[in-house]
file protein-v3.cif (mmCIF, C-alpha atoms and all ligand atoms)
data_data
loop_
_atom_site.group_PDB
_atom_site.id
_atom_site.type_symbol
_atom_site.label_atom_id
_atom_site.label_comp_id
_atom_site.auth_asym_id
_atom_site.auth_seq_id
_atom_site.Cartn_x
_atom_site.Cartn_y
_atom_site.Cartn_z
ATOM 1 C CA MET K 1435 120.037 131.795 -74.798
ATOM 2 C CA PRO K 1436 116.351 132.446 -74.145
ATOM 3 C CA ILE K 1437 114.949 129.014 -74.771
ATOM 4 C CA PHE K 1438 111.483 129.347 -73.257
ATOM 5 C CA PHE K 1439 110.371 125.713 -73.461
ATOM 6 C CA GLN K 1440 112.144 122.582 -74.591
ATOM 7 C CA HIS K 1441 110.792 119.068 -74.890
ATOM 8 C CA LYS K 1442 112.615 115.925 -75.942
ATOM 9 C CA ILE K 1443 109.626 113.959 -77.148
ATOM 10 C CA ASP K 1444 111.603 110.786 -77.839
ATOM 11 C CA GLU K 1445 114.992 109.695 -79.207
ATOM 12 C CA ASN K 1446 114.166 111.102 -82.635
ATOM 13 C CA THR K 1447 111.939 114.097 -82.020
ATOM 14 C CA ARG K 1448 112.635 117.408 -80.278
ATOM 15 C CA LEU K 1449 110.639 120.580 -79.800
ATOM 16 C CA GLY K 1450 111.652 124.070 -78.707
ATOM 17 C CA VAL K 1451 110.083 127.486 -78.134
ATOM 18 C CA TRP K 1452 112.361 130.518 -78.294
ATOM 19 C CA LYS K 1453 111.591 133.881 -76.708
ATOM 20 C CA ILE K 1454 113.041 136.327 -79.187
ATOM 21 C CA GLU K 1455 115.189 138.897 -77.398
ATOM 22 C CA GLU K 1456 118.004 139.059 -79.950
ATOM 23 C CA THR K 1457 118.499 141.514 -82.772
ATOM 24 C CA GLU K 1458 118.434 140.449 -86.392
ATOM 25 C CA GLU K 1459 122.229 140.595 -86.505
ATOM 26 C CA PHE K 1460 122.489 137.728 -84.022
ATOM 27 C CA PHE K 1461 120.450 135.384 -86.209
ATOM 28 C CA LYS K 1462 121.860 136.601 -89.507
ATOM 29 C CA GLY K 1463 125.311 135.453 -88.523
ATOM 30 C CA ASN K 1464 123.975 131.973 -87.853
ATOM 31 C CA VAL K 1465 120.971 131.338 -90.073
ATOM 32 C CA PRO K 1466 120.218 131.659 -93.775
ATOM 33 C CA GLN K 1467 117.032 133.560 -94.679
ATOM 34 C CA HIS K 1468 114.890 131.423 -96.978
ATOM 35 C CA ARG K 1469 112.423 133.898 -98.336
ATOM 36 C CA ASP K 1470 112.067 137.653 -98.665
ATOM 37 C CA VAL K 1471 110.357 139.044 -95.617
ATOM 38 C CA THR K 1472 109.975 142.819 -95.721
ATOM 39 C CA HIS K 1473 108.475 143.453 -92.290
ATOM 40 C CA PRO K 1474 111.395 143.607 -89.786
ATOM 41 C CA HIS K 1475 109.640 141.790 -86.924
ATOM 42 C CA LYS K 1476 108.350 139.057 -89.236
ATOM 43 C CA ARG K 1477 111.900 138.682 -90.581
ATOM 44 C CA LEU K 1478 113.144 138.271 -87.017
ATOM 45 C CA GLN K 1479 110.479 135.600 -86.371
ATOM 46 C CA HIS K 1480 111.422 133.805 -89.580
ATOM 47 C CA LEU K 1481 115.108 133.773 -88.647
ATOM 48 C CA ALA K 1482 114.431 132.637 -85.069
ATOM 49 C CA GLY K 1483 112.336 129.702 -86.327
ATOM 50 C CA ARG K 1484 115.175 128.619 -88.602
ATOM 51 C CA PHE K 1485 117.726 129.106 -85.822
ATOM 52 C CA LEU K 1486 115.834 126.632 -83.642
ATOM 53 C CA LEU K 1487 116.233 123.880 -86.246
ATOM 54 C CA GLN K 1488 119.963 123.677 -85.591
ATOM 55 C CA TYR K 1489 119.552 124.434 -81.913
ATOM 56 C CA LEU K 1490 117.535 121.210 -81.641
ATOM 57 C CA PHE K 1491 119.617 119.116 -84.065
ATOM 58 C CA PRO K 1492 123.075 120.656 -84.656
ATOM 59 C CA ASP K 1493 123.543 118.720 -87.913
ATOM 60 C CA PHE K 1494 120.319 120.042 -89.416
ATOM 61 C CA PRO K 1495 121.176 120.904 -93.057
ATOM 62 C CA PHE K 1496 119.736 124.433 -93.519
ATOM 63 C CA GLU K 1497 121.179 124.689 -96.992
ATOM 64 C CA LEU K 1498 118.990 121.848 -98.294
ATOM 65 C CA ILE K 1499 115.635 123.374 -97.266
ATOM 66 C CA GLN K 1500 113.196 123.837 -100.130
ATOM 67 C CA ILE K 1501 109.798 125.550 -100.163
ATOM 68 C CA ALA K 1502 106.804 123.692 -101.620
ATOM 69 C CA ASP K 1503 104.083 125.395 -103.688
ATOM 70 C CA THR K 1504 101.954 125.292 -100.530
ATOM 71 C CA ARG K 1505 104.785 127.325 -98.841
ATOM 72 C CA LYS K 1506 105.645 124.435 -96.549
ATOM 73 C CA PRO K 1507 109.424 124.213 -96.050
ATOM 74 C CA PHE K 1508 110.880 120.706 -96.339
ATOM 75 C CA LEU K 1509 114.049 118.672 -96.890
ATOM 76 C CA PRO K 1510 113.879 116.695 -100.157
ATOM 77 C CA ASP K 1511 115.551 113.576 -98.748
ATOM 78 C CA GLU K 1512 113.439 113.763 -95.548
ATOM 79 C CA GLN K 1513 116.518 113.418 -93.351
ATOM 80 C CA TYR K 1514 114.412 115.446 -90.952
ATOM 81 C CA HIS K 1515 110.749 116.339 -90.845
ATOM 82 C CA PHE K 1516 110.106 119.748 -89.299
ATOM 83 C CA SER K 1517 107.535 122.419 -88.693
ATOM 84 C CA ILE K 1518 107.835 126.050 -87.621
ATOM 85 C CA SER K 1519 105.472 128.601 -86.098
ATOM 86 C CA HIS K 1520 105.861 132.106 -84.740
ATOM 87 C CA CYS K 1521 103.716 134.587 -82.896
ATOM 88 C CA GLY K 1522 104.640 137.868 -81.211
ATOM 89 C CA ASP K 1523 108.071 137.460 -79.648
ATOM 90 C CA TYR K 1524 108.037 133.663 -79.822
ATOM 91 C CA ALA K 1525 109.163 131.102 -82.357
ATOM 92 C CA ALA K 1526 108.453 127.363 -82.049
ATOM 93 C CA THR K 1527 109.971 124.490 -83.972
ATOM 94 C CA ILE K 1528 109.538 120.723 -83.925
ATOM 95 C CA VAL K 1529 112.041 118.453 -85.663
ATOM 96 C CA SER K 1530 111.870 114.680 -86.100
ATOM 97 C CA ARG K 1531 114.071 112.081 -87.735
ATOM 98 C CA ASN K 1532 111.204 109.710 -88.441
ATOM 99 C CA SER K 1533 107.756 111.267 -87.983
ATOM 100 C CA ARG K 1534 105.790 113.792 -89.914
ATOM 101 C CA VAL K 1535 105.206 116.803 -87.618
ATOM 102 C CA GLY K 1536 103.160 119.984 -87.288
ATOM 103 C CA ILE K 1537 103.378 122.805 -84.727
ATOM 104 C CA ASP K 1538 101.551 126.015 -83.946
ATOM 105 C CA ILE K 1539 101.845 128.730 -81.311
ATOM 106 C CA GLU K 1540 99.301 131.434 -80.646
ATOM 107 C CA ILE K 1541 98.849 134.284 -78.196
ATOM 108 C CA PRO K 1542 95.231 134.081 -76.954
ATOM 109 C CA THR K 1543 93.074 137.071 -77.923
ATOM 110 C CA SER K 1544 89.326 137.587 -78.043
ATOM 111 C CA LYS K 1545 89.563 138.169 -81.828
ATOM 112 C CA VAL K 1546 89.584 134.410 -82.380
ATOM 113 C CA GLU K 1547 85.977 134.230 -81.116
ATOM 114 C CA THR K 1548 84.798 136.308 -84.070
ATOM 115 C CA ILE K 1549 86.021 133.647 -86.515
ATOM 116 C CA MET K 1550 85.290 130.512 -84.512
ATOM 117 C CA HIS K 1551 82.270 129.715 -86.729
ATOM 118 C CA LYS K 1552 84.714 129.408 -89.643
ATOM 119 C CA PHE K 1553 86.825 126.678 -88.085
ATOM 120 C CA LEU K 1554 84.621 124.811 -85.586
ATOM 121 C CA ASN K 1555 81.737 122.580 -86.641
ATOM 122 C CA ARG K 1556 78.505 121.993 -84.711
ATOM 123 C CA GLU K 1557 79.704 118.817 -82.977
ATOM 124 C CA GLU K 1558 82.843 120.557 -81.742
ATOM 125 C CA LYS K 1559 80.887 123.488 -80.328
ATOM 126 C CA GLN K 1560 78.688 121.022 -78.427
ATOM 127 C CA GLN K 1561 81.633 118.965 -77.221
ATOM 128 C CA PHE K 1562 83.945 121.751 -76.053
ATOM 129 C CA TYR K 1563 81.564 124.527 -74.988
ATOM 130 C CA LYS K 1564 79.379 122.801 -72.447
ATOM 131 C CA SER K 1565 77.838 125.966 -71.081
ATOM 132 C CA ARG K 1566 77.025 129.327 -72.647
ATOM 133 C CA SER K 1567 79.726 131.124 -70.671
ATOM 134 C CA THR K 1568 82.510 128.979 -72.103
ATOM 135 C CA THR K 1569 81.720 130.146 -75.639
ATOM 136 C CA HIS K 1570 83.503 133.339 -74.597
ATOM 137 C CA ASP K 1571 86.597 131.584 -73.375
ATOM 138 C CA SER K 1572 89.268 132.936 -75.711
ATOM 139 C CA ARG K 1573 91.966 130.676 -74.223
ATOM 140 C CA LEU K 1574 89.933 127.601 -75.097
ATOM 141 C CA THR K 1575 88.996 128.926 -78.548
ATOM 142 C CA THR K 1576 92.638 129.812 -79.243
ATOM 143 C CA LEU K 1577 93.667 126.307 -78.152
ATOM 144 C CA LEU K 1578 91.192 124.726 -80.588
ATOM 145 C CA TRP K 1579 92.372 127.033 -83.395
ATOM 146 C CA SER K 1580 96.002 126.232 -82.653
ATOM 147 C CA ALA K 1581 95.217 122.496 -82.553
ATOM 148 C CA LYS K 1582 93.699 122.695 -86.051
ATOM 149 C CA GLU K 1583 96.586 124.790 -87.377
ATOM 150 C CA SER K 1584 99.033 122.129 -86.129
ATOM 151 C CA VAL K 1585 97.104 119.476 -88.083
ATOM 152 C CA PHE K 1586 97.054 121.703 -91.179
ATOM 153 C CA LYS K 1587 100.835 122.005 -90.982
ATOM 154 C CA TRP K 1588 101.353 118.312 -90.222
ATOM 155 C CA TYR K 1589 99.438 117.521 -93.409
ATOM 156 C CA GLY K 1590 101.258 120.231 -95.369
ATOM 157 C CA ASP K 1591 99.544 119.799 -98.743
ATOM 158 C CA GLY K 1592 96.936 122.549 -98.300
ATOM 159 C CA GLY K 1593 93.315 122.325 -99.445
ATOM 160 C CA VAL K 1594 92.072 121.661 -95.910
ATOM 161 C CA ASP K 1595 88.640 122.803 -94.775
ATOM 162 C CA PHE K 1596 89.036 123.208 -91.017
ATOM 163 C CA ARG K 1597 85.345 122.493 -90.250
ATOM 164 C CA GLU K 1598 84.912 119.603 -92.609
ATOM 165 C CA HIS K 1599 88.245 117.757 -92.547
ATOM 166 C CA ILE K 1600 89.611 118.293 -89.015
ATOM 167 C CA HIS K 1601 87.375 116.833 -86.293
ATOM 168 C CA LEU K 1602 88.407 117.582 -82.730
ATOM 169 C CA LEU K 1603 86.772 114.870 -80.652
ATOM 170 C CA LYS K 1604 87.773 115.068 -77.014
ATOM 171 C CA GLN K 1605 90.123 116.995 -74.764
ATOM 172 C CA HIS K 1606 92.106 115.120 -72.103
ATOM 173 C CA GLU K 1607 93.284 117.769 -69.668
ATOM 174 C CA GLU K 1608 95.133 115.226 -67.497
ATOM 175 C CA ASN K 1609 97.703 114.523 -70.217
ATOM 176 C CA GLU K 1610 97.243 117.706 -72.282
ATOM 177 C CA THR K 1611 96.018 116.065 -75.474
ATOM 178 C CA ILE K 1612 93.100 116.377 -77.868
ATOM 179 C CA GLU K 1613 91.839 113.409 -79.869
ATOM 180 C CA CYS K 1614 91.345 114.231 -83.532
ATOM 181 C CA PHE K 1615 90.157 112.562 -86.717
ATOM 182 C CA PHE K 1616 91.517 113.972 -89.970
ATOM 183 C CA SER K 1617 89.253 112.850 -92.775
ATOM 184 C CA LYS K 1618 91.545 113.759 -95.697
ATOM 185 C CA THR K 1619 93.910 110.935 -94.764
ATOM 186 C CA ASN K 1620 91.551 108.892 -92.547
ATOM 187 C CA SER K 1621 93.967 109.399 -89.666
ATOM 188 C CA ASP K 1622 93.347 109.274 -85.937
ATOM 189 C CA LEU K 1623 95.691 111.899 -84.536
ATOM 190 C CA THR K 1624 96.689 112.890 -81.021
ATOM 191 C CA ILE K 1625 97.277 116.617 -80.734
ATOM 192 C CA HIS K 1626 99.504 117.569 -77.800
ATOM 193 C CA TYR K 1627 99.291 120.981 -76.225
ATOM 194 C CA ARG K 1628 100.669 123.201 -73.489
ATOM 195 C CA GLN K 1629 99.066 126.353 -72.148
ATOM 196 C CA PHE K 1630 101.411 128.991 -70.758
ATOM 197 C CA GLU K 1631 100.395 132.283 -69.209
ATOM 198 C CA HIS K 1632 100.370 134.213 -72.501
ATOM 199 C CA LEU K 1633 100.836 131.463 -75.036
ATOM 200 C CA VAL K 1634 99.238 128.336 -76.420
ATOM 201 C CA LEU K 1635 101.332 125.638 -78.086
ATOM 202 C CA ALA K 1636 100.008 122.644 -80.058
ATOM 203 C CA TRP K 1637 101.810 119.912 -81.953
ATOM 204 C CA VAL K 1638 101.165 116.682 -83.820
ATOM 205 C CA LEU K 1639 103.445 113.879 -84.869
ATOM 206 C CA ASN K 1640 102.530 110.691 -86.617
HETATM 207 C C1 LIG K 1701 100.208 128.732 -93.709
HETATM 208 C C2 LIG K 1701 99.738 128.969 -92.326
HETATM 209 C C3 LIG K 1701 99.611 127.624 -91.618
HETATM 210 C C4 LIG K 1701 100.716 129.855 -91.553
HETATM 211 O O1 LIG K 1701 100.267 130.078 -90.275
HETATM 212 P P1 LIG K 1701 100.469 131.474 -89.519
HETATM 213 O O2 LIG K 1701 99.683 131.403 -88.249
HETATM 214 O O3 LIG K 1701 100.244 132.596 -90.440
HETATM 215 O O4 LIG K 1701 101.974 131.522 -89.185
HETATM 216 P P2 LIG K 1701 102.881 130.569 -88.334
HETATM 217 O O5 LIG K 1701 103.930 131.444 -87.802
HETATM 218 O O6 LIG K 1701 102.164 129.722 -87.353
HETATM 219 O O7 LIG K 1701 103.505 129.591 -89.429
HETATM 220 C C5 LIG K 1701 104.329 130.060 -90.426
HETATM 221 C C6 LIG K 1701 105.261 128.953 -90.824
HETATM 222 O O8 LIG K 1701 104.506 127.827 -91.254
HETATM 223 C C7 LIG K 1701 105.250 127.128 -92.255
HETATM 224 N N1 LIG K 1701 104.327 126.906 -93.359
HETATM 225 C C8 LIG K 1701 103.901 127.783 -94.297
HETATM 226 N N2 LIG K 1701 103.016 127.177 -95.111
HETATM 227 C C9 LIG K 1701 102.873 125.908 -94.680
HETATM 228 C C10 LIG K 1701 102.103 124.795 -95.114
HETATM 229 N N3 LIG K 1701 101.291 124.855 -96.173
HETATM 230 N N4 LIG K 1701 102.208 123.625 -94.443
HETATM 231 C C11 LIG K 1701 103.018 123.530 -93.376
HETATM 232 N N5 LIG K 1701 103.775 124.546 -92.900
HETATM 233 C C12 LIG K 1701 103.693 125.734 -93.557
HETATM 234 C C13 LIG K 1701 106.483 127.967 -92.588
HETATM 235 O O9 LIG K 1701 107.581 127.401 -91.931
HETATM 236 C C14 LIG K 1701 106.147 129.319 -91.987
HETATM 237 O O10 LIG K 1701 107.238 130.013 -91.441
HETATM 238 P P3 LIG K 1701 108.504 130.487 -92.293
HETATM 239 O O11 LIG K 1701 107.981 130.954 -93.613
HETATM 240 O O12 LIG K 1701 109.132 131.545 -91.481
HETATM 241 O O13 LIG K 1701 109.358 129.258 -92.395
HETATM 242 C C15 LIG K 1701 98.382 129.696 -92.292
HETATM 243 O O14 LIG K 1701 98.554 130.976 -92.777
HETATM 244 C C16 LIG K 1701 97.270 129.037 -93.052
HETATM 245 O O15 LIG K 1701 97.158 129.118 -94.235
HETATM 246 N N6 LIG K 1701 96.392 128.375 -92.325
HETATM 247 C C17 LIG K 1701 95.238 127.741 -92.887
HETATM 248 C C18 LIG K 1701 94.119 128.721 -92.815
HETATM 249 C C19 LIG K 1701 92.837 128.110 -93.231
HETATM 250 O O16 LIG K 1701 92.731 127.349 -94.166
HETATM 251 N N7 LIG K 1701 91.805 128.449 -92.491
HETATM 252 C C20 LIG K 1701 90.500 127.950 -92.768
HETATM 253 C C21 LIG K 1701 89.632 128.047 -91.570
HETATM 254 S S1 LIG K 1701 89.304 129.705 -91.127
#

call {"tool": "encode", "arguments": {"input": "protein-v3.cif", "output": "structure tokens", "more": "lines below"}}
Ligand SMILES: CC(C)(COP(=O)(O)OP(=O)(O)OC[C@H]1O[C@@H](n2cnc3c(N)ncnc32)[C@H](O)[C@@H]1OP(=O)(O)O)[C@@H](O)C(=O)NCCC(=O)NCCS
result
Amino acid sequence: MPIFFQHKIDENTRLGVWKIEETEEFFKGNVPQHRDVTHPHKRLQHLAGRFLLQYLFPDFPFELIQIADTRKPFLPDEQYHFSISHCGDYAATIVSRNSRVGIDIEIPTSKVETIMHKFLNREEKQQFYKSRSTTHDSRLTTLLWSAKESVFKWYGDGGVDFREHIHLLKQHEENETIECFFSKTNSDLTIHYRQFEHLVLAWVLN
């Protein structure tokens, strides 16, 4: 049971990260596959993400999951809100009875620095990269990317310009949060994060 990280956020909301060490057969006996995934490792990630839904809430009704045009999976009656992410050998899921949620996990790599101009605006570069050397901090850049991806998934309706609509305002290292303003819905959001040795995790609920 390689649960890598588990967090009971409150009475109604739970989060888990799974380190995938199982074969596909293990998940296939327990989890329905909701879309065709040809690549074997991506299929394993997909199944592990779904598996976590019931791991967190045993009465989670897999069979009712639908996929929106934006590709966001959802339950039509909103019995649960949920969000799934996977990266490498990890799958992360957040499930809530009463809050809209978004989650993202990433493995930090320097590649993210080559696209940072596509997702960070001028104010964010000034705010988060105080000195020249920190502009080559791939852990920080991956964290900011992951934070924005979690907001994108929380919103779920697509059509989000990461530079224009998602404004990361301030990082609070003491409680592992980032203040954010999302202009599409005029929402002040608190993005929560954790940084592990080889992994960054970010989530939003509201
Ligand atoms: C859809 C997207 C969020 C998926 O992210 P990813 O890093 O490729 O993959 P992740 O593993 O983190 O997430 C995949 C999961 O997200 C969920 N998902 C897919 N589309 C979604 C959407 N529109 N909203 C919310 N969740 C979504 C699904 O559960 C999916 O897993 P599953 O199919 O196995 O159930 C991402 O590809 C995307 O489009 N991001 C926006 C990119 C963008 O606009 N960038 C602009 C700045 S450069």

call {"tool": "residues_around", "arguments": {"input": "protein-v3.cif", "residues": "Glu1557 of chain K", "least_positions_apart": "5", "cutoff": "12 Å", "atoms": "all atoms listed in the file", "output": "list in words"}}
result
His1551, Phe1562, Tyr1563, Lys1564, Arg1597, Glu1598, Ile1600, His1601, Leu1602, Leu1603 and Lys1604 of chain K

call {"tool": "closest_residue", "arguments": {"input": "protein-v3.cif", "among": "K:Glu1613, K:Thr1576, K:His1520, K:Thr1619", "to": "Gln1561 of chain K", "atoms": "all atoms listed in the file"}}
result
K:Glu1613

call {"tool": "resolve_selection", "arguments": {"input": "protein-v3.cif", "expression": "the PyMOL selection byres (((chain K and resi 1490) around 8) and not hetatm)", "output": "list in words"}}
result
Arg1448, Leu1449, Gly1450, Leu1486, Leu1487, Gln1488, Tyr1489, Phe1491, Pro1492 and Val1529 of chain K

call {"tool": "residues_near_ligand", "arguments": {"input": "protein-v3.cif", "ligand": "ligand LIG 1701 (chain K)", "cutoff": "7 Å", "atoms": "only C-alpha atoms and all ligand atoms", "output": "PyMOL selection string"}}
result
chain K and resi 1479-1481+1483-1484+1504-1507+1517-1521+1538-1539+1549+1552-1553+1583+1586-1592+1594-1596

call {"tool": "residues_around", "arguments": {"input": "protein-v3.cif", "residues": "Asp1571 of chain K", "least_positions_apart": "6", "cutoff": "12 Å", "atoms": "all atoms listed in the file", "output": "PyMOL selection string"}}
result
chain K and resi 1542-1548+1550+1562-1565+1577-1578

call {"tool": "closest_residue", "arguments": {"input": "protein-v3.cif", "among": "K:His1468, K:His1632, K:Lys1442, K:His1626", "to": "Glu1497 of chain K", "atoms": "all atoms listed in the file"}}
result
K:His1468

call {"tool": "atom_distance", "arguments": {"input": "protein-v3.cif", "atom1": "atom CA of Phe1630 of chain K", "atom2": "atom CA of Val1451 of chain K"}}
result
11.5 Å

call {"tool": "resolve_selection", "arguments": {"input": "protein-v3.cif", "expression": "the PyMOL selection byres (((chain K and resi 1522) around 9) and not hetatm)", "output": "PyMOL selection string"}}
result
chain K and resi 1454+1475-1476+1479+1520-1521+1523-1525+1540-1541

call {"tool": "closest_residue", "arguments": {"input": "protein-v3.cif", "among": "K:Ser1572, K:Asn1555, K:Ser1580, K:Thr1624", "to": "Asn1640 of chain K", "atoms": "all atoms listed in the file"}}
result
K:Thr1624

call {"tool": "atom_distance", "arguments": {"input": "protein-v3.cif", "atom1": "atom CA of Asn1532 of chain K", "atom2": "atom CA of His1515 of chain K"}}
result
7.1 Å
